[in-house]
Amino acid sequence: MSAEMLFVHDGKLKIRVTQKLFHYMRNLHFKNKVGEEMSFDSNGDPPALYDIINWQLQQDGSMRYIKVGRFDSRLPTGAKLYFDSSAIHWNSQTNQVPRSVCTESCAPGYRKAIQNGQPACCFDCIRCGEGEISNETDSGNCLQCPSDRWPNERRSECVPKVVEFLSYQDILGTTLTCITSVFSFTTAVTLTVFIKFRDTPIVKANNREVTYVLLIALLLSFLCPLLFIGEPQQTTCLLRQPAFGIIFVFCVSCVLAKTIMVVIAFSATKPGSNMRKWLGPQVPLAILSLCTLGQVLICGTWLLVCPSFPEKNKLLRNGIIIFQCNECSEVAFWCMLGYIGFLSCVSFLVAFMARKLPDSFNEAKWITFSMLVFLSVWLSFVPGYLSTHGKFMVAVEVFGIISSSAGLLTFIFVPKVFIILLRPHLNKKEYLFRKNPEQ
């Protein structure tokens, strides 16, 4: 028999012997000297029994090992490993369990950025950008919030944006509403006083018909800010700027008419003057009609070509939706204000030139002061309006309306009401027609 045949024959014999041995080993159970029960698995391997040892350095420099756990493969799943973590002494000053990572996990609100040339477990945690969030640990990228939402402080979730407008519940809105109410009431009281004392010289001498109209216009101008306060609606957005522009032009036209009538009245008193024919109601009516018509045409064209509308501006300020009226046409808005400014300048110049007429009959001096306040307010309004946004822009315009109207009311009417109610002895024709009231 050849060597190769013997090798094959011998190999087969070994296989048969091994299979028989495994057969007996699988069914073998016995206890060793320490009382542990021994057996073999289907592969002929004995059970895995391991003690977990922790080497601990002592203060004297010696080393000792402490058994801190045990692994026994014979036990049921879940009970094979026993581990006493309190018995372990870690080689660190704080005796804390060391972290087996290069970088701690990135919390929600951050994203992972892999460090170049480092293992995958080494990375930087970068905070999500404006308008972005990450809502899970170790996020690889950040998610963009929808246009109507904004990240919370942790940037871990998107929350609804705050809707901002000048509301009646807002402190600023409440304050402006109260001021508007006070001045509206004061104007109504002033109108009542002038109507009640309509036959007194001081009322009759200052063109009482135009005075009544001016007071009504001032009352409307003080009520006009109520269109600016509150949640923007389609109707209020359409009406508020045209109403403000037309009412203010009407007020300034009344002031201009009163000033021109003062000049005409004094010119008519000169010998040989032919100005008496202009003392009727035709001149004030013509001035009011022509001046107001110009503003009506501007505002009417504005409404027809590009009317205002409510909009929610989500891009102007981060985290805030500005609910506002879109004026649609900046050109029309500034044309409206420019027309008011032009008439105000004309009224101021006419009143300034007539300021030196006799004091007792002349109200041009008070009109000059009132128009000076009026122009100062609106000159200050322009930079304030252009430098603000949202509800503060609306508040600036409301403040301008109230302040300029209050200037007209205070300087034109308060001195007359003071004389009518508190100094009735000065409310006489003899006093009014004196060139020097001290005589």
# chains A, B, ... in the order shown; residues from 1 in each chain; ligands from 1
$ residues_around --residues "Ala243 of chain A" --least-positions-apart "2" --cutoff "10 Å" --atoms "only C-alpha atoms" --output "list in words"
Leu220, Ser221, Cys224, Pro225, Leu227, Thr236, Leu238, Leu239, Arg240, Gln241, Gly245, Ile246, Ile247, Phe248, Val249, Val296 and Cys299 of chain A
$ write_last_selection --atoms "C-alpha atoms" --output "CSV table (one decimal), in the first residue's frame"
chain,number,residue,atom,x,y,z
A,220,LEU,CA,-60.9,114.8,13.1
A,221,SER,CA,-57.1,115.0,12.9
A,224,CYS,CA,-57.1,110.0,12.8
A,225,PRO,CA,-54.4,108.1,14.8
A,227,LEU,CA,-56.8,104.3,12.2
A,236,THR,CA,-57.9,100.8,7.7
A,238,LEU,CA,-56.8,102.0,2.5
A,239,LEU,CA,-58.2,104.9,4.6
A,240,ARG,CA,-55.5,105.9,7.1
A,241,GLN,CA,-53.0,107.7,4.9
A,245,GLY,CA,-53.4,113.7,4.3
A,246,ILE,CA,-56.7,115.3,3.4
A,247,ILE,CA,-57.6,116.2,7.0
A,248,PHE,CA,-54.2,117.8,7.6
A,249,VAL,CA,-54.4,119.8,4.3
A,296,VAL,CA,-57.7,114.9,-2.9
A,299,CYS,CA,-54.7,110.6,-2.6
$ residues_around --residues "Phe185 of chain A" --least-positions-apart "4" --cutoff "12 Å" --atoms "only C-alpha atoms" --output "PyMOL selection string"
chain A and resi 178-181+189-192+215-216+218-220+222-223+409
$ write_last_selection --atoms "N, CA and C atoms" --output "CSV table (one decimal), in the first residue's frame"
chain,number,residue,atom,x,y,z
A,178,CYS,N,-54.6,107.2,24.7
A,178,CYS,CA,-55.0,108.1,25.8
A,178,CYS,C,-54.7,109.5,25.4
A,179,ILE,N,-53.5,109.8,24.9
A,179,ILE,CA,-53.2,111.1,24.5
A,179,ILE,C,-54.2,111.6,23.4
A,180,THR,N,-54.5,110.8,22.4
A,180,THR,CA,-55.4,111.1,21.4
A,180,THR,C,-56.8,111.5,22.0
A,181,SER,N,-57.2,110.7,22.9
A,181,SER,CA,-58.5,110.9,23.6
A,181,SER,C,-58.6,112.2,24.3
A,189,VAL,N,-64.3,120.4,23.6
A,189,VAL,CA,-64.7,121.5,24.6
A,189,VAL,C,-64.4,122.9,24.1
A,190,THR,N,-63.3,123.0,23.4
A,190,THR,CA,-63.0,124.3,22.8
A,190,THR,C,-64.0,124.7,21.7
A,191,LEU,N,-64.4,123.8,20.9
A,191,LEU,CA,-65.5,124.1,19.9
A,191,LEU,C,-66.8,124.5,20.6
A,192,THR,N,-67.1,123.8,21.7
A,192,THR,CA,-68.3,124.1,22.5
A,192,THR,C,-68.2,125.5,23.0
A,215,LEU,N,-61.7,123.9,13.9
A,215,LEU,CA,-61.8,123.1,15.1
A,215,LEU,C,-62.3,121.7,14.8
A,216,ILE,N,-63.3,121.6,13.9
A,216,ILE,CA,-63.8,120.3,13.5
A,216,ILE,C,-62.7,119.5,12.8
A,218,LEU,N,-59.5,119.9,13.3
A,218,LEU,CA,-58.5,119.4,14.3
A,218,LEU,C,-59.1,118.2,15.1
A,219,LEU,N,-60.4,118.2,15.4
A,219,LEU,CA,-61.0,117.1,16.1
A,219,LEU,C,-60.8,115.8,15.2
A,220,LEU,N,-61.0,115.9,13.9
A,220,LEU,CA,-60.9,114.8,13.1
A,220,LEU,C,-59.4,114.3,13.0
A,222,PHE,N,-57.2,114.6,15.4
A,222,PHE,CA,-56.9,113.9,16.6
A,222,PHE,C,-57.4,112.5,16.6
A,223,LEU,N,-58.6,112.3,15.9
A,223,LEU,CA,-59.1,111.0,15.9
A,223,LEU,C,-58.5,110.1,14.8
A,409,LEU,N,-53.8,123.7,18.0
A,409,LEU,CA,-54.8,123.9,19.0
A,409,LEU,C,-54.3,124.8,20.1
$ closest_atom_pairs --of "segment 337-430 of chain A" --to "segment 319-322 of chain A" --cutoff "12 Å" --atoms "only C-alpha atoms" --output "CSV"
residue,atom,partner,partner_atom,distance
A:His389,CA,A:Ile322,CA,8.6
A:Gly390,CA,A:Ile322,CA,5.7
A:Lys391,CA,A:Ile322,CA,7.8
A:Phe392,CA,A:Ile322,CA,10.8
A:Met393,CA,A:Ile322,CA,11.1
A:Val394,CA,A:Ile322,CA,11.5
$ atom_distance --atom1 "atom CA of Val262 of chain A" --atom2 "atom CA of Ala354 of chain A"
8.0 Å
$ residues_around --residues "segment 328-339 of chain A" --least-positions-apart "5" --cutoff "7 Å" --atoms "only C-alpha atoms" --output "PyMOL selection string"
chain A and resi 245+295+298+302+306-308
$ residues_around --residues "Pro47 of chain A" --least-positions-apart "6" --cutoff "8 Å" --atoms "only C-alpha atoms" --output "number ranges by chain"
A: 38-41, 72-74
$ write_last_selection --atoms "N, CA, C and O atoms" --output "CSV table (one decimal), in the first residue's frame"
chain,number,residue,atom,x,y,z
A,38,MET,N,-18.9,20.9,35.3
A,38,MET,CA,-18.3,21.1,34.0
A,38,MET,C,-19.1,20.4,33.0
A,38,MET,O,-19.6,19.3,33.2
A,39,SER,N,-19.1,20.9,31.8
A,39,SER,CA,-19.7,20.2,30.6
A,39,SER,C,-19.1,20.8,29.4
A,39,SER,O,-18.3,21.7,29.4
A,40,PHE,N,-19.4,20.3,28.2
A,40,PHE,CA,-18.9,20.7,26.9
A,40,PHE,C,-20.0,21.0,26.0
A,40,PHE,O,-21.1,20.3,26.0
A,41,ASP,N,-19.8,22.0,25.1
A,41,ASP,CA,-20.9,22.4,24.2
A,41,ASP,C,-20.8,21.5,22.9
A,41,ASP,O,-20.1,20.5,22.9
A,72,ASP,N,-19.7,34.0,33.1
A,72,ASP,CA,-20.0,32.6,33.2
A,72,ASP,C,-21.0,32.3,32.0
A,72,ASP,O,-22.1,32.8,32.1
A,73,SER,N,-20.5,31.6,31.0
A,73,SER,CA,-21.3,31.4,29.8
A,73,SER,C,-22.4,30.4,30.1
A,73,SER,O,-23.3,30.2,29.3
A,74,ARG,N,-22.4,29.7,31.2
A,74,ARG,CA,-23.4,28.7,31.5
A,74,ARG,C,-24.7,29.3,32.0
A,74,ARG,O,-25.7,28.7,32.0
$ select_by_dssp --residues "segment 323-381 of chain A" --states "strand (DSSP E or B)" --output "ChimeraX atom specification"
/A:323-326
$ select_by_dssp --residues "segment 76-288 of chain A" --states "helix (DSSP H, G or I)" --output "PyMOL selection string"
chain A and resi 85-87+171-196+201-204+208-227+234-268+275-278+282-288
$ residues_around --residues "segment 374-385 of chain A" --least-positions-apart "3" --cutoff "12 Å" --atoms "only C-alpha atoms" --output "MDAnalysis selection string"
chainID A and resid 248 251:252 255 333:334 337:338 340:349 367:371 388:411
$ residues_around --residues "segment 120-127 of chain A" --least-positions-apart "5" --cutoff "6 Å" --atoms "only C-alpha atoms" --output "PyMOL selection string"
chain A and resi 102-103+106+110-115
$ write_last_selection --atoms "N, CA, C and O atoms" --output "compact mmCIF listing (two decimals), in the first residue's frame"
# COMPACT_ATOMS: atom_id res chain seq x y z
N CYS A 102 -13.15 60.66 21.30
CA CYS A 102 -12.27 61.80 21.08
C CYS A 102 -12.97 63.10 21.43
O CYS A 102 -12.40 63.99 22.02
N THR A 103 -14.27 63.21 21.08
CA THR A 103 -15.06 64.42 21.30
C THR A 103 -16.40 64.04 21.90
O THR A 103 -16.99 63.02 21.51
N CYS A 106 -22.45 66.10 20.31
CA CYS A 106 -23.01 67.42 20.03
C CYS A 106 -24.47 67.44 20.45
O CYS A 106 -25.27 66.59 20.03
N TYR A 110 -26.74 72.00 17.69
CA TYR A 110 -25.40 72.00 17.10
C TYR A 110 -25.33 70.93 16.02
O TYR A 110 -26.13 70.00 15.98
N ARG A 111 -24.34 71.06 15.16
CA ARG A 111 -24.08 70.05 14.15
C ARG A 111 -22.62 69.62 14.21
O ARG A 111 -21.75 70.37 14.69
N LYS A 112 -22.33 68.40 13.75
CA LYS A 112 -20.97 67.87 13.75
C LYS A 112 -20.20 68.35 12.53
O LYS A 112 -20.72 68.40 11.43
N ALA A 113 -18.94 68.73 12.77
CA ALA A 113 -18.03 69.09 11.67
C ALA A 113 -16.76 68.28 11.86
O ALA A 113 -16.03 68.46 12.84
N ILE A 114 -16.50 67.34 10.95
CA ILE A 114 -15.35 66.44 11.06
C ILE A 114 -14.05 67.24 10.99
O ILE A 114 -13.90 68.16 10.18
N GLN A 115 -13.10 66.88 11.86
CA GLN A 115 -11.79 67.51 11.87
C GLN A 115 -10.90 66.84 10.82
O GLN A 115 -10.77 65.62 10.79
$ closest_residue --among "A:Thr137, A:Thr186, A:Val159, A:Ser85" --to "Phe413 of chain A" --atoms "only C-alpha atoms"
A:Thr186
$ decode --residues "segment 85-233 of chain A" --atoms "C-alpha atoms" --output "mmCIF file, in the first residue's frame"
data_model
loop_
_atom_site.group_PDB
_atom_site.id
_atom_site.type_symbol
_atom_site.label_atom_id
_atom_site.label_comp_id
_atom_site.auth_asym_id
_atom_site.auth_seq_id
_atom_site.Cartn_x
_atom_site.Cartn_y
_atom_site.Cartn_z
ATOM 1 C CA SER A 85 -18.320 49.016 39.209
ATOM 2 C CA SER A 86 -17.965 50.377 42.767
ATOM 3 C CA ALA A 87 -14.955 48.126 43.360
ATOM 4 C CA ILE A 88 -13.025 49.517 40.404
ATOM 5 C CA HIS A 89 -10.255 52.025 40.971
ATOM 6 C CA TRP A 90 -9.676 54.169 37.843
ATOM 7 C CA ASN A 91 -6.273 55.606 37.147
ATOM 8 C CA SER A 92 -7.353 59.272 37.338
ATOM 9 C CA GLN A 93 -7.416 61.975 39.980
ATOM 10 C CA THR A 94 -11.216 62.063 40.072
ATOM 11 C CA ASN A 95 -11.584 58.267 39.896
ATOM 12 C CA GLN A 96 -14.159 58.771 37.127
ATOM 13 C CA VAL A 97 -14.880 56.377 34.284
ATOM 14 C CA PRO A 98 -12.768 57.527 31.316
ATOM 15 C CA ARG A 99 -14.539 58.386 28.095
ATOM 16 C CA SER A 100 -13.567 56.256 25.154
ATOM 17 C CA VAL A 101 -14.298 58.989 22.618
ATOM 18 C CA CYS A 102 -12.268 61.800 21.078
ATOM 19 C CA THR A 103 -15.058 64.419 21.298
ATOM 20 C CA GLU A 104 -18.169 64.602 23.437
ATOM 21 C CA SER A 105 -21.508 64.321 21.661
ATOM 22 C CA CYS A 106 -23.006 67.416 20.033
ATOM 23 C CA ALA A 107 -26.194 68.493 21.775
ATOM 24 C CA PRO A 108 -29.365 69.515 19.882
ATOM 25 C CA GLY A 109 -28.873 72.962 18.400
ATOM 26 C CA TYR A 110 -25.404 72.005 17.105
ATOM 27 C CA ARG A 111 -24.082 70.045 14.152
ATOM 28 C CA LYS A 112 -20.973 67.874 13.755
ATOM 29 C CA ALA A 113 -18.034 69.092 11.669
ATOM 30 C CA ILE A 114 -15.347 66.438 11.062
ATOM 31 C CA GLN A 115 -11.793 67.512 11.869
ATOM 32 C CA ASN A 116 -9.450 67.126 8.923
ATOM 33 C CA GLY A 117 -6.854 64.387 9.360
ATOM 34 C CA GLN A 118 -8.517 63.054 12.526
ATOM 35 C CA PRO A 119 -10.519 59.863 13.143
ATOM 36 C CA ALA A 120 -14.254 59.950 12.593
ATOM 37 C CA CYS A 121 -14.847 60.183 16.342
ATOM 38 C CA CYS A 122 -13.019 63.537 16.439
ATOM 39 C CA PHE A 123 -15.219 66.454 15.385
ATOM 40 C CA ASP A 124 -16.217 70.018 16.286
ATOM 41 C CA CYS A 125 -19.686 71.008 17.473
ATOM 42 C CA ILE A 126 -20.844 74.086 15.544
ATOM 43 C CA ARG A 127 -23.939 75.997 16.583
ATOM 44 C CA CYS A 128 -26.695 76.089 13.978
ATOM 45 C CA GLY A 129 -26.939 79.326 12.012
ATOM 46 C CA GLU A 130 -29.708 81.940 12.043
ATOM 47 C CA GLY A 131 -33.033 80.354 11.220
ATOM 48 C CA GLU A 132 -31.711 76.769 11.564
ATOM 49 C CA ILE A 133 -32.188 73.995 14.129
ATOM 50 C CA SER A 134 -31.020 70.466 14.907
ATOM 51 C CA ASN A 135 -33.344 68.400 17.072
ATOM 52 C CA GLU A 136 -31.168 65.343 17.755
ATOM 53 C CA THR A 137 -27.802 64.527 19.295
ATOM 54 C CA ASP A 138 -24.766 64.372 16.974
ATOM 55 C CA SER A 139 -26.730 65.741 14.029
ATOM 56 C CA GLY A 140 -24.695 65.975 10.851
ATOM 57 C CA ASN A 141 -26.522 69.052 9.541
ATOM 58 C CA CYS A 142 -29.029 71.725 10.566
ATOM 59 C CA LEU A 143 -32.544 72.169 9.214
ATOM 60 C CA GLN A 144 -34.003 75.464 7.999
ATOM 61 C CA CYS A 145 -37.150 76.675 9.803
ATOM 62 C CA PRO A 146 -40.239 77.590 7.724
ATOM 63 C CA SER A 147 -40.750 81.280 6.947
ATOM 64 C CA ASP A 148 -43.399 81.709 9.657
ATOM 65 C CA ARG A 149 -41.297 80.058 12.370
ATOM 66 C CA TRP A 150 -38.004 80.767 14.134
ATOM 67 C CA PRO A 151 -35.608 78.700 16.290
ATOM 68 C CA ASN A 152 -35.962 78.799 20.060
ATOM 69 C CA GLU A 153 -33.006 79.900 22.207
ATOM 70 C CA ARG A 154 -31.429 76.421 22.159
ATOM 71 C CA ARG A 155 -32.080 76.166 18.406
ATOM 72 C CA SER A 156 -33.499 72.718 18.980
ATOM 73 C CA GLU A 157 -36.988 73.346 17.566
ATOM 74 C CA CYS A 158 -38.873 75.847 15.426
ATOM 75 C CA VAL A 159 -41.430 77.980 17.255
ATOM 76 C CA PRO A 160 -43.982 80.416 15.766
ATOM 77 C CA LYS A 161 -42.615 83.913 15.155
ATOM 78 C CA VAL A 162 -43.933 86.807 17.235
ATOM 79 C CA VAL A 163 -46.429 88.931 15.285
ATOM 80 C CA GLU A 164 -45.751 92.614 15.937
ATOM 81 C CA PHE A 165 -48.010 95.613 15.308
ATOM 82 C CA LEU A 166 -49.032 98.710 17.249
ATOM 83 C CA SER A 167 -51.934 97.309 19.262
ATOM 84 C CA TYR A 168 -54.232 98.905 21.813
ATOM 85 C CA GLN A 169 -52.970 96.404 24.420
ATOM 86 C CA ASP A 170 -49.369 97.490 23.861
ATOM 87 C CA ILE A 171 -48.064 100.107 26.332
ATOM 88 C CA LEU A 172 -47.051 102.385 23.470
ATOM 89 C CA GLY A 173 -50.406 101.953 21.736
ATOM 90 C CA THR A 174 -52.328 102.526 24.966
ATOM 91 C CA THR A 175 -50.358 105.696 25.712
ATOM 92 C CA LEU A 176 -50.940 107.153 22.254
ATOM 93 C CA THR A 177 -54.640 106.264 22.446
ATOM 94 C CA CYS A 178 -54.993 108.051 25.794
ATOM 95 C CA ILE A 179 -53.202 111.150 24.474
ATOM 96 C CA THR A 180 -55.430 111.129 21.394
ATOM 97 C CA SER A 181 -58.536 110.878 23.560
ATOM 98 C CA VAL A 182 -57.442 113.775 25.797
ATOM 99 C CA PHE A 183 -56.747 116.118 22.884
ATOM 100 C CA SER A 184 -59.955 115.084 21.105
ATOM 101 C CA PHE A 185 -61.939 115.904 24.223
ATOM 102 C CA THR A 186 -60.084 119.225 24.624
ATOM 103 C CA THR A 187 -60.842 120.155 21.017
ATOM 104 C CA ALA A 188 -64.513 119.277 21.461
ATOM 105 C CA VAL A 189 -64.661 121.454 24.614
ATOM 106 C CA THR A 190 -62.961 124.327 22.769
ATOM 107 C CA LEU A 191 -65.474 124.070 19.931
ATOM 108 C CA THR A 192 -68.305 124.085 22.464
ATOM 109 C CA VAL A 193 -66.894 127.232 24.103
ATOM 110 C CA PHE A 194 -66.610 129.037 20.773
ATOM 111 C CA ILE A 195 -70.151 128.080 19.797
ATOM 112 C CA LYS A 196 -71.537 129.145 23.184
ATOM 113 C CA PHE A 197 -69.721 132.519 23.060
ATOM 114 C CA ARG A 198 -70.161 132.978 19.326
ATOM 115 C CA ASP A 199 -71.525 136.521 19.702
ATOM 116 C CA THR A 200 -68.597 137.801 21.735
ATOM 117 C CA PRO A 201 -66.118 140.145 20.002
ATOM 118 C CA ILE A 202 -63.098 137.862 20.208
ATOM 119 C CA VAL A 203 -64.944 135.049 18.411
ATOM 120 C CA LYS A 204 -66.521 137.305 15.796
ATOM 121 C CA ALA A 205 -63.279 139.181 15.129
ATOM 122 C CA ASN A 206 -61.389 136.022 14.101
ATOM 123 C CA ASN A 207 -63.668 134.757 11.370
ATOM 124 C CA ARG A 208 -65.806 132.410 13.414
ATOM 125 C CA GLU A 209 -67.044 130.322 10.472
ATOM 126 C CA VAL A 210 -63.483 129.371 9.527
ATOM 127 C CA THR A 211 -62.732 128.896 13.231
ATOM 128 C CA TYR A 212 -65.540 126.366 13.564
ATOM 129 C CA VAL A 213 -64.359 124.516 10.488
ATOM 130 C CA LEU A 214 -60.749 124.492 11.761
ATOM 131 C CA LEU A 215 -61.797 123.099 15.142
ATOM 132 C CA ILE A 216 -63.821 120.339 13.478
ATOM 133 C CA ALA A 217 -60.824 119.540 11.262
ATOM 134 C CA LEU A 218 -58.549 119.427 14.328
ATOM 135 C CA LEU A 219 -60.989 117.099 16.062
ATOM 136 C CA LEU A 220 -60.859 114.763 13.066
ATOM 137 C CA SER A 221 -57.069 114.981 12.946
ATOM 138 C CA PHE A 222 -56.863 113.928 16.609
ATOM 139 C CA LEU A 223 -59.150 110.977 15.853
ATOM 140 C CA CYS A 224 -57.118 110.043 12.770
ATOM 141 C CA PRO A 225 -54.395 108.148 14.765
ATOM 142 C CA LEU A 226 -57.027 105.582 15.755
ATOM 143 C CA LEU A 227 -56.811 104.305 12.155
ATOM 144 C CA PHE A 228 -53.097 103.618 12.701
ATOM 145 C CA ILE A 229 -53.438 101.724 15.999
ATOM 146 C CA GLY A 230 -54.671 98.135 16.056
ATOM 147 C CA GLU A 231 -54.333 95.141 13.771
ATOM 148 C CA PRO A 232 -53.994 96.250 10.138
ATOM 149 C CA GLN A 233 -57.111 95.580 8.087
#
